[in-house]
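Below is one structure, written out as structure tokens; the observations come after it.
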Amino acid sequence: MGRFEMVVLATAVTLMTACTGSRLHSQGLNLLEDGKVEEGIRHLEQAVIAEPRNAEFKTDLIRRRAEEVNRLLVTAEAARAAGQFDASLGFYKRVQEVEPGNMRAAQGREAVERERRSGSLLEQAQAAFKQGEIEAARFQVRAILAEHPNNAAALNLKREIDNQAVKLQAAEVPLVSSTNPITLEFRDASLKMVLDGLSRATGISFMLDKDVQPDLRTTINLRQASLSDALDTILQSTRLEKKVITPTSILLYSRTPEKLKEHQELLVKGFYLANADVKQTQAMLKELLKAKDVFIDEKLNLLVMRDTPDAIRLAEKLIGMQDLSEPEVMLEVEVLEVKRSRLTELGVKLPNQLTLTPLVDGATATLNELRRLNSDNIGLGLPTATLNLRREIGDVKILANPRIRARNREKAKVMIGDKIPVVSITTTSNGVSSESVQYLDVGIKLDVEPNIYLQDEVAIKVGLEVSSLVREIRTPAGSLAYQIGSRAASTVLRLKNGETQVLAGLINDEERRTASRLPGVGDIPVLGRLFSSQKDESEQTEIVLSITPRLVRNINKPEAIDREFWSGTEASLRSKKLATALADGAAEPLRAAGPAPAAAPVKDASNLAPTALSLSWQGPAQAKVGELFKVAIMLKADGGVRSLPFQLGFDPAVLQIIEITEGNFFKKGGASTSMSNNVDQTLGKAFVSVIRSGADGAFGEDTVVTLTLRPLAVKAQSELKFLMSSPISIGDKQLVLAPPAPLTINIVN
């Protein structure tokens, strides 16, 4: 085989390899878009093998493999945290298929196996904890953590056990008394007489501080009240405070600063804040709770408070409302600069000057020699004519595709370009010169500042500047300066999560025409083209900006029950309202003695706890693949319900939840409501919570939420079922609700 045949063969093999690599690369990207991760990564790897020097193929392989691996790892860890060990193992296995040497996947599989083996022991610990056997549960949790120190479920249970132990330790001494309602009727009676009557009714003994006068007069009229109500009413009317000594004895003392310091028990509690600023939290507690003993450690973001148990409970609720994680958003930005240039140069460029040169000896000539100049001793220089036949077309695209993760109301900047040095010379009065160098940014500069709203919308302040080097300028002093061309735009957008906005129209359009003609003859139409050369040049540049916000996390707004609570009076903090309800009656407020009024008729059940509660479905029995359909979740209650958090399960390969909208059940009577939902399409779970504001509840039968779903694949019987539901009635009482039978839907083509 000759040299020529070998060159041809090598060229053919190179072209075939390049075509194969491009085809594999394109197929791999398409497979990844279709969700076929393993096949797509294999095609990208084969494309790199086919063209090992192609930087684009290597970059796409590394980037896409890292994205898919991270996504699968996050899903696997979420499934593991939820106790779905089989699903978690499946995701870890897929990670190892995509990246065989991934250590996180190998460690995750080992962790899943360990957690699965210790599952039975954990169930025993949870059962013991629910039954109130704190020490037994603590012993079993220690046994689990001794073998698996990072077991998430065991750590959570240990935290609950420790919290419960702290609550028991900080709880007041409980009073032992009858649960029968108490009736007290005294008019202008002494305090000693009132306490004696209460003691005979409850078996509680009362002791008075030395400064409390036993002949203090008061009027009490209570019917069907609880012991707590009776005590608090007496204390409010006599301006006294109580201290429970034993379950059957109480000390009463005056509500004065000196006596409060002497008798009132105080708690110390430390709050390790995860997100809130410790100084702002300190200011809030001092302003709202009038707390005095508050210490902060800015390094640890720690707040330590010493106050009454009621003040500590109120501080917990206030800090729970403030210590929320900062919202974050991922901004996907594409900056595209499209440049189009056209150049046409046609014609004949004729000479425009002649050169005459005297032919003399030497470099200089005398005046006599100049007199003897004639046609024989003068040289004539004739320049050449040039025929211009030139056509140039240029299309340039410059693309920047940064992904910026930014916190709420924090600025983020991106600079893609060059730093051009600008040298300046400074001369002192002594004649000493010195140079200084400053750098000028030239390229694409993008400034963004997101503002995240609760409705999953993002307002974005965008500032875009695209600059380029036009030409260099030399100053008279010898310094070098630059002419910079710049285009800038700034605006404020408000976009929904995942919505894309395109900003365009930054266009720079230039046209230039130059001609070189022979005077007179070059101006003759048509014929003048033979004696002239014309150059037409056009250049158009356009900047296009595309921005898409994707929420990483939003503000996890606390439930309504955690945002509205009682705090007592200005003089006496209280973490709960003075009790007004018993099982079979209500305590009347303090008032003058007299006949009891007739009970008002009950007009509705909004203030009564429900005795009958049921959930039901309303949806089609059959649906077609690709066609949206709706399913309504109905609630029927004969008493007031304030909120309904629940969790649904579905087959993610068959069904997709598109939208969840609130129904009218909790909106009855014009009440305001709030709804939150979170759909995990990968695990096939949806969490929904609907809360009604105000003290009353909703009753009757109506729609709680409506689901909009899309069938993805054919299946004879696909189920939509309740995994959990925890309705809460008036008085913040949690109810037990049996879930309805799953809704079965036939998915057909």
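If you're wondering about the labels, chains in the structure tokens are A, B, ... by order shown, residues count from 1 in each chain, ligands from 1 in order shown.
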Report the closest atom pair, with its distance in Å rounded to one decimal, for each residue of segment 512-571 of chain A that has an atom no farther than 10 Å from segment 438-454 of chain A; count only C-alpha atoms, sort by chain and then rising residue number, and write it as CSV.
residue,atom,partner,partner_atom,distance
A:Pro549,CA,A:Pro450,CA,9.0
A:Leu551,CA,A:Ile452,CA,8.6
A:Arg553,CA,A:Ile452,CA,9.6
A:Asn554,CA,A:Leu454,CA,7.0
A:Ile555,CA,A:Leu454,CA,6.6
A:Asn556,CA,A:Leu454,CA,8.7
A:Lys557,CA,A:Leu454,CA,8.2
Go ahead and write the selection's residues with C-alpha atoms as an mmCIF file, in the first residue's frame.
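Done, and the output landed in out30.cif:
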data_model
loop_
_atom_site.group_PDB
_atom_site.id
_atom_site.type_symbol
_atom_site.label_atom_id
_atom_site.label_comp_id
_atom_site.auth_asym_id
_atom_site.auth_seq_id
_atom_site.Cartn_x
_atom_site.Cartn_y
_atom_site.Cartn_z
ATOM 1 C CA PRO A 549 -35.511 30.550 38.980
ATOM 2 C CA LEU A 551 -36.518 27.200 44.396
ATOM 3 C CA ARG A 553 -36.182 25.823 49.620
ATOM 4 C CA ASN A 554 -38.826 28.336 50.598
ATOM 5 C CA ILE A 555 -39.862 29.674 53.985
ATOM 6 C CA ASN A 556 -41.412 26.793 55.928
ATOM 7 C CA LYS A 557 -44.177 28.869 57.469
#
message: Can you pull out every residue from segment 351-526 of chain A that DSSP, working from the backbone, puts in strand (DSSP E), and format the result as a PyMOL selection string?
response: chain A and resi 355-358+378-381+386-400+403-407+412-427+433-452+457-474+480-496+501-517
Enumerate the residues of segment 313-479 of chain A with a DSSP assignment of helix (DSSP H, G or I), computed from the backbone, and present them as an mmCIF file with N, CA, C and O atoms, in the first residue's frame.
data_model
loop_
_atom_site.group_PDB
_atom_site.id
_atom_site.type_symbol
_atom_site.label_atom_id
_atom_site.label_comp_id
_atom_site.auth_asym_id
_atom_site.auth_seq_id
_atom_site.Cartn_x
_atom_site.Cartn_y
_atom_site.Cartn_z
ATOM 1 N N ARG A 313 -41.749 28.502 78.037
ATOM 2 C CA ARG A 313 -42.622 27.915 77.002
ATOM 3 C C ARG A 313 -42.978 28.939 75.923
ATOM 4 O O ARG A 313 -43.006 28.620 74.732
ATOM 5 N N LEU A 314 -43.277 30.166 76.337
ATOM 6 C CA LEU A 314 -43.583 31.211 75.362
ATOM 7 C C LEU A 314 -42.362 31.529 74.498
ATOM 8 O O LEU A 314 -42.486 31.770 73.291
ATOM 9 N N ALA A 315 -41.176 31.537 75.116
ATOM 10 C CA ALA A 315 -39.951 31.789 74.345
ATOM 11 C C ALA A 315 -39.736 30.696 73.304
ATOM 12 O O ALA A 315 -39.297 30.976 72.174
ATOM 13 N N GLU A 316 -40.035 29.436 73.646
ATOM 14 C CA GLU A 316 -39.911 28.348 72.678
ATOM 15 C C GLU A 316 -40.797 28.590 71.457
ATOM 16 O O GLU A 316 -40.375 28.383 70.310
ATOM 17 N N LYS A 317 -42.028 29.030 71.692
ATOM 18 C CA LYS A 317 -42.938 29.272 70.576
ATOM 19 C C LYS A 317 -42.488 30.453 69.730
ATOM 20 O O LYS A 317 -42.555 30.409 68.494
ATOM 21 N N LEU A 318 -42.026 31.520 70.373
ATOM 22 C CA LEU A 318 -41.571 32.686 69.624
ATOM 23 C C LEU A 318 -40.327 32.361 68.793
ATOM 24 O O LEU A 318 -40.219 32.763 67.630
ATOM 25 N N ILE A 319 -39.393 31.628 69.387
ATOM 26 C CA ILE A 319 -38.178 31.265 68.650
ATOM 27 C C ILE A 319 -38.517 30.302 67.519
ATOM 28 O O ILE A 319 -37.922 30.356 66.439
ATOM 29 N N GLY A 320 -39.492 29.414 67.737
ATOM 30 C CA GLY A 320 -39.911 28.512 66.664
ATOM 31 C C GLY A 320 -40.459 29.253 65.460
ATOM 32 O O GLY A 320 -40.314 28.795 64.319
ATOM 33 N N MET A 321 -41.102 30.409 65.688
ATOM 34 C CA MET A 321 -41.598 31.200 64.561
ATOM 35 C C MET A 321 -40.479 31.934 63.832
ATOM 36 O O MET A 321 -40.571 32.195 62.634
ATOM 37 N N GLN A 322 -39.411 32.265 64.551
ATOM 38 C CA GLN A 322 -38.350 33.079 63.955
ATOM 39 C C GLN A 322 -37.195 32.256 63.394
ATOM 40 O O GLN A 322 -36.618 32.618 62.364
ATOM 41 N N LEU A 367 23.149 72.415 -7.524
ATOM 42 C CA LEU A 367 22.186 73.191 -8.311
ATOM 43 C C LEU A 367 22.464 73.079 -9.805
ATOM 44 O O LEU A 367 21.538 73.060 -10.624
ATOM 45 N N ASN A 368 23.756 72.996 -10.223
ATOM 46 C CA ASN A 368 24.084 72.842 -11.653
ATOM 47 C C ASN A 368 23.543 71.535 -12.182
ATOM 48 O O ASN A 368 23.065 71.454 -13.326
ATOM 49 N N GLU A 369 23.636 70.480 -11.349
ATOM 50 C CA GLU A 369 23.107 69.183 -11.795
ATOM 51 C C GLU A 369 21.592 69.237 -11.954
ATOM 52 O O GLU A 369 21.032 68.597 -12.853
ATOM 53 N N LEU A 370 20.905 70.007 -11.121
ATOM 54 C CA LEU A 370 19.455 70.119 -11.258
ATOM 55 C C LEU A 370 19.076 70.854 -12.544
ATOM 56 O O LEU A 370 18.027 70.582 -13.131
ATOM 57 N N ARG A 371 19.962 71.831 -12.977
ATOM 58 C CA ARG A 371 19.638 72.539 -14.220
ATOM 59 C C ARG A 371 19.716 71.608 -15.422
ATOM 60 O O ARG A 371 19.043 71.828 -16.436
#
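Reported to one decimal place, the separation of atom CA of Glu332 of chain A from atom CA of Glu457 of chain A is 15.1 Å.
Distance-wise, atom CA of Asn150 of chain A and atom CA of Gln131 of chain A end up 25.3 Å apart.
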Contacts of Thr308 of chain A within 10 Å, only C-alpha atoms, excl. fewer than 6 positions in-chain, as a PyMOL selection string: chain A and resi 264-268+291+314+573-574
Store the residues picked out above in a file with N, CA and C atoms, as a PDB file, in the first residue's frame.
ATOM      1  N   GLN A 264     -40.848  32.281  93.546  1.00  0.00           N
ATOM      2  CA  GLN A 264     -41.083  31.807  92.174  1.00  0.00           C
ATOM      3  C   GLN A 264     -39.896  30.992  91.671  1.00  0.00           C
ATOM      4  N   GLU A 265     -40.193  29.762  91.200  1.00  0.00           N
ATOM      5  CA  GLU A 265     -39.153  28.883  90.659  1.00  0.00           C
ATOM      6  C   GLU A 265     -38.821  29.303  89.225  1.00  0.00           C
ATOM      7  N   LEU A 266     -37.526  29.309  88.905  1.00  0.00           N
ATOM      8  CA  LEU A 266     -37.067  29.723  87.583  1.00  0.00           C
ATOM      9  C   LEU A 266     -36.364  28.571  86.881  1.00  0.00           C
ATOM     10  N   LEU A 267     -36.488  28.558  85.546  1.00  0.00           N
ATOM     11  CA  LEU A 267     -35.821  27.570  84.705  1.00  0.00           C
ATOM     12  C   LEU A 267     -34.720  28.241  83.897  1.00  0.00           C
ATOM     13  N   VAL A 268     -33.714  27.473  83.553  1.00  0.00           N
ATOM     14  CA  VAL A 268     -32.660  27.920  82.643  1.00  0.00           C
ATOM     15  C   VAL A 268     -32.705  27.019  81.409  1.00  0.00           C
ATOM     16  N   ALA A 291     -38.137  39.815  79.225  1.00  0.00           N
ATOM     17  CA  ALA A 291     -37.129  38.954  79.843  1.00  0.00           C
ATOM     18  C   ALA A 291     -35.885  39.781  80.189  1.00  0.00           C
ATOM     19  N   LEU A 314     -43.277  30.166  76.337  1.00  0.00           N
ATOM     20  CA  LEU A 314     -43.583  31.211  75.362  1.00  0.00           C
ATOM     21  C   LEU A 314     -42.362  31.529  74.498  1.00  0.00           C
ATOM     22  N   LEU A 573     -47.221  36.287  83.039  1.00  0.00           N
ATOM     23  CA  LEU A 573     -47.158  35.519  81.796  1.00  0.00           C
ATOM     24  C   LEU A 573     -47.792  34.153  82.008  1.00  0.00           C
ATOM     25  N   ARG A 574     -48.456  33.673  80.948  1.00  0.00           N
ATOM     26  CA  ARG A 574     -49.090  32.366  81.011  1.00  0.00           C
ATOM     27  C   ARG A 574     -49.028  31.749  79.615  1.00  0.00           C
TER      28      ARG A 574
END
message: I want to know what sits within 7 Å of segment 211-217 of chain A, based on only C-alpha atoms, with residues of the same chain fewer than 6 positions away left out; could you give that as a PyMOL selection string?
response: chain A and resi 188-192+253-254
Can I get the residues of segment 652-677 of chain A within 8 Å of segment 712-735 of chain A, each with the closest pair of atoms and their distance in Å to one decimal, using only C-alpha atoms, sorted chain first then ascending number, as JSON lines?
{"residue": "A:Ala653", "atom": "CA", "partner": "A:Leu712", "partner_atom": "CA", "distance": 6.7}
{"residue": "A:Val654", "atom": "CA", "partner": "A:Leu712", "partner_atom": "CA", "distance": 4.8}
{"residue": "A:Leu655", "atom": "CA", "partner": "A:Leu712", "partner_atom": "CA", "distance": 5.6}
{"residue": "A:Gln656", "atom": "CA", "partner": "A:Leu712", "partner_atom": "CA", "distance": 7.0}
Store the residues picked out above in a file with all heavy atoms, as a compact mmCIF listing (two decimals), in the first residue's frame.
# COMPACT_ATOMS: atom_id res chain seq x y z
N ALA A 653 -44.77 5.60 38.79
CA ALA A 653 -44.58 5.19 37.41
C ALA A 653 -45.87 5.24 36.61
O ALA A 653 -45.83 5.20 35.37
CB ALA A 653 -43.99 3.78 37.36
N VAL A 654 -47.01 5.34 37.29
CA VAL A 654 -48.30 5.30 36.61
C VAL A 654 -49.02 6.64 36.70
O VAL A 654 -49.67 7.07 35.74
CB VAL A 654 -49.19 4.18 37.22
CG1 VAL A 654 -50.56 4.14 36.54
CG2 VAL A 654 -48.49 2.84 37.07
N LEU A 655 -48.90 7.34 37.85
CA LEU A 655 -49.64 8.59 38.06
C LEU A 655 -48.68 9.73 38.39
O LEU A 655 -47.63 9.50 39.00
CB LEU A 655 -50.65 8.44 39.21
CG LEU A 655 -51.82 7.48 38.98
CD1 LEU A 655 -52.64 7.36 40.25
CD2 LEU A 655 -52.70 7.95 37.83
N GLN A 656 -49.07 10.92 37.98
CA GLN A 656 -48.31 12.13 38.31
C GLN A 656 -49.29 13.19 38.81
O GLN A 656 -50.29 13.49 38.15
CB GLN A 656 -47.57 12.67 37.08
CG GLN A 656 -46.79 13.95 37.35
CD GLN A 656 -46.17 14.52 36.10
OE1 GLN A 656 -46.42 14.05 35.00
NE2 GLN A 656 -45.35 15.54 36.25
task: Could you check how far atom CA of Ala76 of chain A sits from atom CA of Leu89 of chain A, in Å to one decimal?
output: 7.2 Å
Need to verify the contact set: segment 48-53 of chain A, 9 Å, only C-alpha atoms, exclusion of same-chain residues closer than 4 positions in sequence. Can you return it as a PDB file with N, CA, C and O atoms, in the first residue's frame?
ATOM      1  N   THR A  17     -14.626   7.781  12.879  1.00  0.00           N
ATOM      2  CA  THR A  17     -14.593   7.843  14.350  1.00  0.00           C
ATOM      3  C   THR A  17     -15.284   9.095  14.858  1.00  0.00           C
ATOM      4  O   THR A  17     -16.038   9.068  15.842  1.00  0.00           O
ATOM      5  N   ALA A  18     -15.043  10.216  14.164  1.00  0.00           N
ATOM      6  CA  ALA A  18     -15.688  11.466  14.575  1.00  0.00           C
ATOM      7  C   ALA A  18     -17.194  11.379  14.429  1.00  0.00           C
ATOM      8  O   ALA A  18     -17.946  11.833  15.297  1.00  0.00           O
ATOM      9  N   THR A  20     -18.980   8.648  14.524  1.00  0.00           N
ATOM     10  CA  THR A  20     -19.475   7.732  15.558  1.00  0.00           C
ATOM     11  C   THR A  20     -19.537   8.429  16.917  1.00  0.00           C
ATOM     12  O   THR A  20     -20.512   8.293  17.668  1.00  0.00           O
ATOM     13  N   GLY A  21     -18.505   9.194  17.261  1.00  0.00           N
ATOM     14  CA  GLY A  21     -18.505   9.902  18.529  1.00  0.00           C
ATOM     15  C   GLY A  21     -19.634  10.911  18.628  1.00  0.00           C
ATOM     16  O   GLY A  21     -20.314  11.001  19.653  1.00  0.00           O
ATOM     17  N   SER A  22     -19.878  11.675  17.569  1.00  0.00           N
ATOM     18  CA  SER A  22     -20.971  12.660  17.586  1.00  0.00           C
ATOM     19  C   SER A  22     -22.317  11.972  17.732  1.00  0.00           C
ATOM     20  O   SER A  22     -23.198  12.450  18.461  1.00  0.00           O
ATOM     21  N   LEU A  24     -22.954   8.994  19.133  1.00  0.00           N
ATOM     22  CA  LEU A  24     -23.089   8.471  20.492  1.00  0.00           C
ATOM     23  C   LEU A  24     -23.344   9.603  21.498  1.00  0.00           C
ATOM     24  O   LEU A  24     -24.147   9.461  22.424  1.00  0.00           O
ATOM     25  N   HIS A  25     -22.675  10.723  21.302  1.00  0.00           N
ATOM     26  CA  HIS A  25     -22.865  11.861  22.200  1.00  0.00           C
ATOM     27  C   HIS A  25     -24.300  12.371  22.128  1.00  0.00           C
ATOM     28  O   HIS A  25     -24.943  12.617  23.157  1.00  0.00           O
ATOM     29  N   HIS A  43     -23.584   5.803  26.752  1.00  0.00           N
ATOM     30  CA  HIS A  43     -23.369   6.374  25.419  1.00  0.00           C
ATOM     31  C   HIS A  43     -22.372   7.527  25.474  1.00  0.00           C
ATOM     32  O   HIS A  43     -21.508   7.654  24.585  1.00  0.00           O
ATOM     33  N   LEU A  44     -22.460   8.367  26.513  1.00  0.00           N
ATOM     34  CA  LEU A  44     -21.498   9.462  26.631  1.00  0.00           C
ATOM     35  C   LEU A  44     -20.082   8.933  26.863  1.00  0.00           C
ATOM     36  O   LEU A  44     -19.106   9.491  26.333  1.00  0.00           O
ATOM     37  N   PHE A  57     -17.067  16.560  24.678  1.00  0.00           N
ATOM     38  CA  PHE A  57     -17.603  15.259  25.091  1.00  0.00           C
ATOM     39  C   PHE A  57     -17.205  14.950  26.531  1.00  0.00           C
ATOM     40  O   PHE A  57     -18.026  14.467  27.330  1.00  0.00           O
ATOM     41  N   LYS A  58     -15.952  15.214  26.888  1.00  0.00           N
ATOM     42  CA  LYS A  58     -15.501  14.949  28.257  1.00  0.00           C
ATOM     43  C   LYS A  58     -16.241  15.825  29.260  1.00  0.00           C
ATOM     44  O   LYS A  58     -16.658  15.363  30.325  1.00  0.00           O
ATOM     45  N   LEU A  61     -19.795  14.573  29.744  1.00  0.00           N
ATOM     46  CA  LEU A  61     -19.815  13.324  30.511  1.00  0.00           C
ATOM     47  C   LEU A  61     -19.614  13.602  31.999  1.00  0.00           C
ATOM     48  O   LEU A  61     -20.377  13.104  32.847  1.00  0.00           O
TER      49      LEU A  61
END
